[in-house]
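Data file: structure03.cif. Format and content: mmCIF, C-alpha atoms.
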```
data_start
#
loop_
_atom_site.label_atom_id
_atom_site.label_comp_id
_atom_site.auth_asym_id
_atom_site.auth_seq_id
_atom_site.Cartn_x
_atom_site.Cartn_y
_atom_site.Cartn_z
CA MET A 1 15.77 -2.69 15.39
CA ARG A 2 12.18 -3.55 14.44
CA ILE A 3 10.22 -0.95 12.47
CA HIS A 4 6.43 -0.70 12.72
CA ASN A 5 4.85 0.30 9.43
CA ASN A 6 1.26 0.78 10.56
CA LEU A 7 1.31 2.78 13.78
CA ASN A 8 -1.82 4.32 15.24
CA TRP A 9 -1.81 8.05 14.59
CA SER A 10 -1.94 8.85 18.31
CA VAL A 11 1.25 6.82 18.80
CA LEU A 12 3.06 8.32 15.82
CA LYS A 13 2.12 11.84 16.89
CA ALA A 14 3.37 11.19 20.43
CA LEU A 15 6.64 9.79 19.06
CA TYR A 16 7.02 12.97 17.02
CA ASP A 17 6.50 15.05 20.17
CA ILE A 18 9.24 13.04 21.90
CA PHE A 19 11.48 13.62 18.86
CA SER A 20 10.81 17.36 18.68
CA LYS A 21 10.34 18.22 22.37
CA GLY A 22 12.19 15.44 24.14
CA LYS A 23 9.14 14.14 25.98
CA SER A 24 5.43 13.32 25.77
CA SER A 25 2.68 12.73 28.32
CA ALA A 26 0.38 11.04 25.78
CA LYS A 27 -1.20 7.85 27.09
CA ILE A 28 0.57 5.39 24.79
CA GLN A 29 2.54 3.25 27.26
CA ASN A 30 0.20 0.29 26.74
CA ASP A 31 0.91 0.19 23.01
CA LYS A 32 2.94 -2.95 22.21
CA TYR A 33 5.39 -1.12 19.96
CA VAL A 34 5.98 1.64 22.50
CA HIS A 35 6.55 -1.06 25.13
CA TYR A 36 9.14 -2.59 22.77
CA LEU A 37 10.91 0.78 22.36
CA ILE A 38 11.05 1.27 26.12
CA TYR A 39 11.89 -2.15 27.50
CA ASP A 40 13.50 -4.02 24.60
CA THR A 41 15.55 -1.30 22.95
CA GLY A 42 15.89 1.36 25.66
CA ILE A 43 15.64 4.23 23.17
CA LEU A 44 12.64 5.53 25.12
CA SER A 45 12.41 5.75 28.88
CA VAL A 46 9.83 6.56 31.56
CA LYS A 47 10.44 9.67 33.66
CA LEU A 48 11.44 8.88 37.23
CA GLY A 49 8.63 9.73 39.59
CA SER A 50 6.11 10.15 36.76
CA ASP A 51 5.37 7.00 34.79
CA LYS A 52 3.00 8.98 32.55
CA VAL A 53 5.82 10.89 30.86
CA LEU A 54 8.00 9.30 28.18
CA LEU A 55 11.47 10.64 27.48
CA SER A 56 13.79 10.55 24.48
CA SER A 57 17.36 9.26 24.32
CA TYR A 58 20.33 10.17 22.15
CA GLN A 59 19.47 7.17 19.95
CA PHE A 60 15.80 7.97 19.52
CA GLU A 61 16.24 11.19 17.54
CA ASP A 62 18.26 9.47 14.81
CA PHE A 63 15.91 6.48 14.87
CA PHE A 64 12.78 8.59 14.42
CA GLU A 65 14.33 10.85 11.79
CA LEU A 66 15.49 7.89 9.72
CA ASN A 67 12.32 5.79 9.91
CA TYR A 68 9.33 8.01 10.69
CA LEU A 69 9.91 11.72 10.17
CA GLU A 70 9.20 11.78 6.44
CA ARG A 71 5.99 9.80 6.89
CA TYR A 72 4.83 11.92 9.82
CA THR A 73 5.46 15.17 7.89
CA VAL A 74 3.39 13.95 4.94
CA TYR A 75 0.55 12.73 7.16
CA ILE A 76 0.26 15.84 9.34
CA SER A 77 0.28 18.13 6.31
CA PHE A 78 -2.55 16.14 4.75
CA LEU A 79 -4.66 15.74 7.90
CA GLU A 80 -4.47 19.43 8.80
CA GLY A 81 -5.16 20.40 5.19
CA VAL A 82 -8.43 18.47 5.06
CA GLY A 83 -9.42 19.19 8.68
CA LEU A 84 -9.13 15.62 9.95
CA GLU A 85 -6.24 15.77 12.42
CA LYS A 86 -8.48 15.71 15.51
CA ASP A 87 -10.51 12.79 14.13
CA ALA A 88 -7.30 10.90 13.34
CA ARG A 89 -6.31 10.89 17.02
CA GLN A 90 -9.37 8.78 17.85
CA SER A 91 -8.77 5.64 15.82
CA TYR A 92 -6.82 6.10 12.57
CA ASN A 93 -3.71 4.13 11.78
CA GLU A 94 -1.15 4.80 9.04
CA GLU A 95 -2.94 2.57 6.55
CA ASP A 96 -6.14 4.56 7.09
CA ILE A 97 -4.33 7.85 6.54
CA LYS A 98 -2.47 6.66 3.44
CA THR A 99 -5.76 5.44 1.98
CA LEU A 100 -7.49 8.74 2.73
CA MET A 101 -4.61 10.53 0.98
CA LEU A 102 -5.10 8.36 -2.11
CA ILE A 103 -8.84 8.98 -2.03
CA HIS A 104 -8.30 12.74 -1.74
CA LYS A 105 -5.84 12.84 -4.63
CA ASN A 106 -8.21 10.87 -6.86
CA LYS A 107 -11.54 12.11 -5.52
CA VAL A 108 -12.88 13.30 -8.87
CA GLU A 109 -12.19 9.91 -10.46
CA ILE A 110 -13.59 8.01 -7.46
CA LYS A 111 -16.67 10.17 -7.02
CA GLY A 112 -17.58 9.77 -10.70
CA LYS A 113 -17.53 5.97 -10.39
CA LEU A 114 -18.43 5.49 -6.74
CA THR A 115 -19.22 1.93 -5.74
CA THR A 116 -21.12 0.48 -2.77
CA GLN A 117 -19.66 0.77 0.70
CA LYS A 118 -18.79 -2.95 0.88
CA ASN A 119 -17.07 -3.01 -2.50
CA PHE A 120 -15.34 0.29 -1.76
CA SER A 121 -14.01 -1.15 1.50
CA LYS A 122 -12.85 -4.34 -0.23
CA GLU A 123 -11.06 -2.32 -2.94
CA PHE A 124 -9.34 0.27 -0.79
CA PHE A 125 -8.82 -1.78 2.40
CA ARG A 126 -8.11 -5.16 0.87
CA ARG A 127 -6.46 -6.76 3.88
CA GLN A 128 -9.16 -5.56 6.32
CA GLY A 129 -12.07 -6.68 4.14
CA SER A 130 -15.49 -5.52 2.99
CA LYS A 131 -16.82 -4.56 6.44
CA TYR A 132 -13.86 -2.44 7.55
CA VAL A 133 -15.39 0.91 6.59
CA GLU A 134 -18.73 -0.07 8.10
CA ASN A 135 -17.09 -0.99 11.40
CA LYS A 136 -14.96 2.16 11.58
CA GLN A 137 -17.48 4.97 11.50
CA SER A 138 -15.00 7.84 11.95
CA LEU A 139 -13.16 6.59 8.87
CA ARG A 140 -16.42 6.25 6.98
CA ARG A 141 -17.32 9.86 7.78
CA ALA A 142 -13.87 11.00 6.64
CA ILE A 143 -14.24 9.23 3.29
CA LEU A 144 -17.64 10.78 2.65
CA HIS A 145 -16.27 14.18 3.75
CA ILE A 146 -13.36 13.98 1.32
CA LEU A 147 -15.56 12.82 -1.56
CA GLU A 148 -18.15 15.47 -0.70
CA VAL A 149 -21.04 13.00 -0.81
CA SER A 150 -23.65 12.20 1.81
CA GLU A 151 -23.76 8.43 1.29
CA PHE A 152 -22.39 5.49 -0.66
CA PRO A 153 -24.67 4.29 -3.49
CA SER A 154 -26.85 1.25 -2.82
CA GLU A 155 -25.88 -0.39 -6.11
CA ASP A 156 -22.69 -0.59 -8.15
CA GLN A 157 -22.32 1.17 -11.45
CA LYS A 158 -21.70 -1.09 -14.44
CA VAL A 159 -18.22 0.35 -14.98
CA ASN A 160 -16.00 1.28 -12.06
CA ASN A 161 -12.48 0.74 -13.39
CA TRP A 162 -10.76 3.62 -11.65
CA ARG A 163 -7.76 5.31 -13.23
CA PHE A 164 -5.30 5.96 -10.41
CA VAL A 165 -1.87 7.41 -11.15
CA VAL A 166 1.02 8.69 -9.05
CA ASP A 167 2.99 11.00 -11.30
CA CYS A 168 6.64 12.00 -11.32
CA LYS A 169 8.03 14.98 -13.26
CA GLU A 170 11.11 13.26 -14.65
CA PRO A 171 10.41 9.50 -14.43
CA ARG A 172 12.94 6.85 -15.26
CA ALA A 173 10.29 4.13 -15.47
CA ILE A 174 6.60 3.28 -15.22
CA ILE A 175 5.45 0.65 -12.73
CA LEU A 176 2.07 -0.97 -13.22
CA CYS A 177 0.73 -2.10 -9.83
CA GLU A 178 -1.89 -4.77 -9.23
CA ASN A 179 -2.81 -3.34 -5.82
CA LEU A 180 -3.11 0.12 -4.31
CA ASN A 181 -0.48 -0.27 -1.59
CA PHE A 182 2.46 1.42 -3.35
CA LEU A 183 0.19 4.19 -4.69
CA LYS A 184 -0.64 5.03 -1.08
CA MET A 185 3.01 6.00 -0.54
CA PRO A 186 3.67 8.69 -3.17
CA TRP A 187 6.97 9.66 -1.55
CA ILE A 188 8.38 6.32 -2.75
CA ALA A 189 7.54 7.18 -6.36
CA GLN A 190 9.30 10.52 -6.02
CA LYS A 191 12.34 8.93 -4.41
CA LEU A 192 12.61 6.28 -7.14
CA GLN A 193 11.65 8.72 -9.91
CA VAL A 194 8.92 6.46 -11.26
CA LYS A 195 5.28 6.74 -12.27
CA LEU A 196 2.83 4.34 -10.65
CA TRP A 197 -0.30 3.10 -12.43
CA TYR A 198 -3.04 1.00 -10.84
CA VAL A 199 -4.04 -1.99 -12.98
CA GLY A 200 -5.73 -4.24 -10.43
CA GLY A 201 -8.28 -6.91 -11.28
CA ASN A 202 -9.80 -6.36 -14.69
CA ASN A 203 -8.49 -2.82 -14.78
CA ILE A 204 -5.90 -3.48 -17.50
CA LYS A 205 -7.95 -1.31 -19.85
CA ILE A 206 -6.09 1.56 -18.20
CA ILE A 207 -3.21 0.62 -20.52
CA ASP A 208 -5.26 2.07 -23.36
CA GLN A 209 -5.32 5.41 -21.54
CA ILE A 210 -1.53 5.75 -21.34
CA ASP A 211 -0.17 8.29 -23.79
CA ARG A 212 1.92 6.23 -26.22
CA SER A 213 4.74 8.75 -25.90
CA GLU A 214 5.23 7.39 -22.35
CA PHE A 215 6.17 4.01 -23.75
CA LYS A 216 9.67 5.41 -24.19
CA TYR A 217 10.20 4.65 -20.49
CA PRO A 218 10.97 1.14 -19.21
CA ILE A 219 7.79 -0.53 -17.96
CA PHE A 220 7.60 -2.94 -15.01
CA TYR A 221 4.81 -4.86 -13.33
CA SER A 222 4.41 -5.33 -9.57
CA GLY A 223 1.72 -7.59 -8.16
CA ASP A 224 0.73 -10.53 -6.01
CA TRP A 225 2.47 -13.76 -6.87
CA ASP A 226 -0.69 -15.81 -7.13
CA TYR A 227 -2.74 -17.07 -10.07
CA ALA A 228 -4.61 -13.78 -10.54
CA GLY A 229 -1.54 -11.58 -10.24
CA ILE A 230 0.58 -13.56 -12.71
CA SER A 231 -2.39 -13.82 -15.07
CA ILE A 232 -2.84 -10.05 -15.08
CA TYR A 233 0.84 -9.57 -15.89
CA LEU A 234 0.67 -12.05 -18.77
CA ARG A 235 -2.45 -10.34 -20.19
CA ILE A 236 -0.74 -6.95 -20.00
CA LYS A 237 2.42 -8.33 -21.58
CA LYS A 238 0.46 -9.81 -24.47
CA LYS A 239 -1.30 -6.48 -24.97
CA LEU A 240 1.95 -4.50 -24.98
CA ILE A 241 3.86 -6.95 -27.16
CA ALA A 242 1.26 -6.28 -29.85
CA GLU A 243 2.53 -2.69 -29.82
CA ASP A 244 6.18 -3.78 -29.69
CA VAL A 245 6.49 -2.54 -26.08
CA HIS A 246 8.57 -4.46 -23.53
CA ILE A 247 7.47 -5.01 -19.93
CA ALA A 248 9.30 -6.85 -17.13
CA LEU A 249 7.92 -8.59 -14.05
CA LEU A 250 9.44 -7.36 -10.78
CA TYR A 251 10.73 -10.32 -8.78
CA PRO A 252 9.73 -10.18 -5.08
CA ASN A 253 12.53 -9.27 -2.69
CA ASN A 254 10.65 -11.08 0.09
CA THR A 255 9.95 -14.70 -0.84
CA LYS A 256 9.88 -15.97 2.75
CA ASP A 257 6.65 -14.40 4.04
CA ARG A 258 4.26 -16.58 2.11
CA LEU A 259 0.58 -17.07 2.81
CA PRO A 260 -1.71 -20.07 2.32
CA VAL A 261 -3.96 -19.64 -0.71
CA ASP A 262 -7.04 -19.93 1.52
CA SER A 263 -5.96 -16.98 3.72
CA PRO A 264 -8.68 -14.43 4.65
CA HIS A 265 -9.84 -12.03 1.92
CA HIS A 266 -7.85 -13.88 -0.73
CA TYR A 267 -9.81 -15.37 -3.61
CA SER A 268 -7.21 -16.41 -6.17
CA LYS A 269 -6.65 -20.16 -6.46
CA TRP A 270 -4.06 -22.14 -8.40
CA ASP A 271 -5.53 -24.36 -11.12
CA PHE A 272 -4.31 -27.87 -10.29
CA SER A 273 -6.14 -29.36 -13.27
CA ARG A 274 -3.59 -27.86 -15.69
CA GLU A 275 0.18 -27.99 -15.88
CA PHE A 276 1.75 -24.84 -14.39
CA SER A 277 -1.81 -23.72 -13.57
CA GLY A 278 -2.34 -23.02 -17.27
CA LEU A 279 0.05 -20.05 -17.25
CA ASP A 280 2.36 -19.30 -20.16
CA LYS A 281 5.89 -20.28 -19.10
CA SER A 282 7.44 -18.89 -22.27
CA SER A 283 6.54 -15.34 -21.20
CA LEU A 284 8.30 -15.67 -17.84
CA THR A 285 11.94 -15.81 -16.79
CA GLU A 286 13.42 -19.07 -15.53
CA GLU A 287 13.69 -17.55 -12.05
CA ALA A 288 9.97 -16.66 -12.07
CA VAL A 289 8.97 -20.12 -13.31
CA ILE A 290 10.91 -21.80 -10.48
CA LEU A 291 9.24 -19.63 -7.82
CA ILE A 292 5.74 -20.04 -9.28
CA ASN A 293 6.18 -23.82 -9.48
CA GLU A 294 7.14 -23.84 -5.82
CA LEU A 295 4.15 -21.70 -4.84
CA ILE A 296 1.79 -23.96 -6.79
CA TYR A 297 3.29 -27.10 -5.22
CA LYS A 298 2.90 -25.67 -1.69
CA ASN A 299 -0.43 -23.97 -2.48
CA GLU A 300 0.92 -20.60 -1.30
CA TRP A 301 1.12 -17.05 -2.59
CA ILE A 302 3.19 -13.90 -1.97
CA GLU A 303 1.40 -10.63 -1.28
CA GLU A 304 2.63 -7.58 -3.18
CA GLU A 305 2.72 -5.31 -0.16
CA TYR A 306 5.09 -7.61 1.74
CA ASN A 307 7.79 -6.46 -0.67
CA ASP A 308 9.90 -3.31 -0.87
CA LEU A 309 9.53 -1.46 -4.17
CA GLU A 310 12.86 0.27 -3.74
CA ILE A 311 14.71 -3.02 -3.33
CA MET A 312 12.85 -4.64 -6.23
CA MET A 313 13.85 -1.75 -8.51
CA ARG A 314 17.54 -1.93 -7.66
CA GLY A 315 19.64 -2.84 -10.65
CA VAL A 316 16.80 -2.81 -13.18
#
```
Starting from the file, lay out its structure as structure tokens.
Amino acid sequence: MRIHNNLNWSVLKALYDIFSKGKSSAKIQNDKYVHYLIYDTGILSVKLGSDKVLLSSYQFEDFFELNYLERYTVYISFLEGVGLEKDARQSYNEEDIKTLMLIHKNKVEIKGKLTTQKNFSKEFFRRQGSKYVENKQSLRRAILHILEVSEFPSEDQKVNNWRFVVDCKEPRAIILCENLNFLKMPWIAQKLQVKLWYVGGNNIKIIDQIDRSEFKYPIFYSGDWDYAGISIYLRIKKKLIAEDVHIALLYPNNTKDRLPVDSPHHYSKWDFSREFSGLDKSSLTEEAVILINELIYKNEWIEEEYNDLEIMMRGV
């Protein structure tokens, strides 16, 4: 059964009401995913004589508990805690809420190095682009509310390499992430018993801020499989090798959902003027070299967030 990973909050909240109360009169019938749950799967139904009321089924409770309850519980606790639950009903989706959670957790770090609205939007809402925050005013107000500022600065600071970390009390590994996606889902880190560190772009200087006592844990890298992502990994590996620290590249569990290099909001290009795009083959496994060669040949890339961190960490 298909799982939707970026539901609108109004839909997710209504599905929770159906799970907990057996029904909901929320106006969500026109949502494509709700339509799928009613007419394709039959785990939701419309009340006879009242097409505005949605009803549960014996299958729906297990379905919601398995796939959505944990997420819903985390979201509602956060939204009510920061006073944004009513605003969320208007236009927020799960990605918005997860990003607001990350911003709230790291607000001191973010506020101290706050960038312009466009660059902030591009950094925190990579897939939606630099105008996403501008075009979603309720989200913009929420961000400013959380950061306790009245406005974004008009110019960037010279240094805005944020230090974002998702901690775990008894970690079995550290995962360095190129993008923010996995850090927006802290429950995954707790489940896997790992620490997550953000090392996107030129942010590899964060490695210098890691207490060297933490190098006793296995270290892995998760990122986009494009020129920039592999380059970042190789730079980090070179830096750590100098300290006799091993790091491994997590191989994507999803190699089918590839994107063209010229896809929207993607700026990393393969270098066709050099063999293997100028990357160091000797620092990569044979499996990784084969996949990268294929991506270069087809001028494609694999986005980090299309993968499942839990699956990638199995057996490592």
May I ask which of the residues A:Val289, A:Glu300, A:Ile219, A:Met1 is the closest one to Gly42 of chain A, counting only C-alpha atoms? A:Met1
Is it possible to get the residues within 8 Å of (8.7, 2.6, -20.9) (coordinates as in the file, counting only C-alpha atoms) written as a list of chain:residue names?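 Residues satisfying the cut-off, written out: A:Ala173, A:Ile174, A:Glu214, A:Phe215, A:Lys216, A:Tyr217, A:Pro218, A:Ile219, A:Val245, A:His246, A:Ile247.
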Which residues are close to Lys131 of chain A, i.e. within 10 Å by all atoms listed in the file, leaving aside same-chain residues fewer than 5 positions away? Reply as a PDB file with C-alpha atoms, in the frame of the given file.
```
ATOM      1  CA  GLN A 117     -19.660   0.770   0.700  1.00  0.00           C
ATOM      2  CA  LYS A 118     -18.790  -2.950   0.880  1.00  0.00           C
ATOM      3  CA  ASN A 119     -17.070  -3.010  -2.500  1.00  0.00           C
ATOM      4  CA  PHE A 120     -15.340   0.290  -1.760  1.00  0.00           C
ATOM      5  CA  SER A 121     -14.010  -1.150   1.500  1.00  0.00           C
ATOM      6  CA  LYS A 122     -12.850  -4.340  -0.230  1.00  0.00           C
ATOM      7  CA  PHE A 125      -8.820  -1.780   2.400  1.00  0.00           C
ATOM      8  CA  LYS A 136     -14.960   2.160  11.580  1.00  0.00           C
TER       9      LYS A 136
END
```
With distances taken over all atoms listed in the file, the candidate from A:Ile311, A:Val261, A:Val149, A:Ile3 nearest Leu66 of chain A is A:Ile3
Got a sec: who's within 8 Å of Pro260 of chain A, counting all atoms listed in the file, leaving out chain neighbours fewer than 3 positions off, as a list in words?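 Counting only the stated atoms, we get Ser263, Asn299, Glu300 and Trp301 of chain A.
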Using only C-alpha atoms for the distances, tell me which of A:Ala288, A:Ile110, A:Leu100, A:Ala228 is nearest to Asn179 of chain A.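 Nearest candidate to Asn179 of chain A out of A:Ala288, A:Ile110, A:Leu100, A:Ala228: A:Ala228.
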Under the rule that only C-alpha atoms are counted, which of A:Glu304, A:Glu109, A:Glu70, A:Glu94 is the nearest residue to Asn161 of chain A?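 Going through A:Glu304, A:Glu109, A:Glu70, A:Glu94 one by one, the smallest distance to Asn161 of chain A is for A:Glu109.
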Any chance you could resolve the PyMOL selection byres ((chain A and resi 184-193) around 9) against this file and give the residues as an NGL selection string? :A and (70-71 or 74 or 95 or 97-102 or 166-173 or 180-183 or 194-196 or 309-310 or 313)
Starting from the PyMOL selection byres ((chain A and resi 16) around 12), expand the selection into actual residues of this file and give them as a PyMOL selection string. chain A and resi 9-15+17-24+26+54-56+60-65+67-73+75-76
Could you tell me how far atom CA of Val46 of chain A sits from atom CA of Tyr58 of chain A, in Å to one decimal place?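 Separation of atom CA of Tyr58 of chain A and atom CA of Val46 of chain A: 14.6 Å.
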Among A:Phe152, A:Glu286, A:Arg127, A:Asn93, Asn6 of chain A is approached most closely, using all atoms listed in the file, by A:Asn93
Could you please determine the separation between atom CA of Leu147 of chain A and atom CA of Phe164 of chain A in Å, to one decimal place?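 Pair atom CA of Leu147 of chain A / atom CA of Phe164 of chain A returns 15.2 Å.
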Surrounding residues of segment 224-226 of chain A excluding itself and chain neighbours under 4 positions, 10 Å, all atoms listed in the file, as a ChimeraX atom specification: /A:177-179,230-233,251-252,255,258,261,266-270,288,291-292,295-296,299-307
Taking the file as I've supplied it (selection: the PyMOL selection byres ((chain A and resi 41) around 12)), which residues are included? Please answer as a VMD selection string. chain A and resid 1 to 3 33 to 40 42 to 45 57 59 to 60 63
Could you put an axis-aligned box around every listed atom of segment 112-120 of chain A, padded by 3 Å on each side, and send me its centre and edge lengths in Å to one decimal, as lines of an AutoDock Vina configuration file?
```
center_x = -18.2
center_y = 3.4
center_z = -4.9
size_x = 11.8
size_y = 18.8
size_z = 17.6
```
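Note that the spacing between atom CA of Trp197 of chain A and atom CA of Ile236 of chain A amounts to 12.6 Å.
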Would you please work out which residue, of A:Lys27, A:Lys205, A:Lys32, A:Arg141, is nearest to Asp51 of chain A when using only C-alpha atoms?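 Among the listed residues, A:Lys27 lies closest to Asp51 of chain A.
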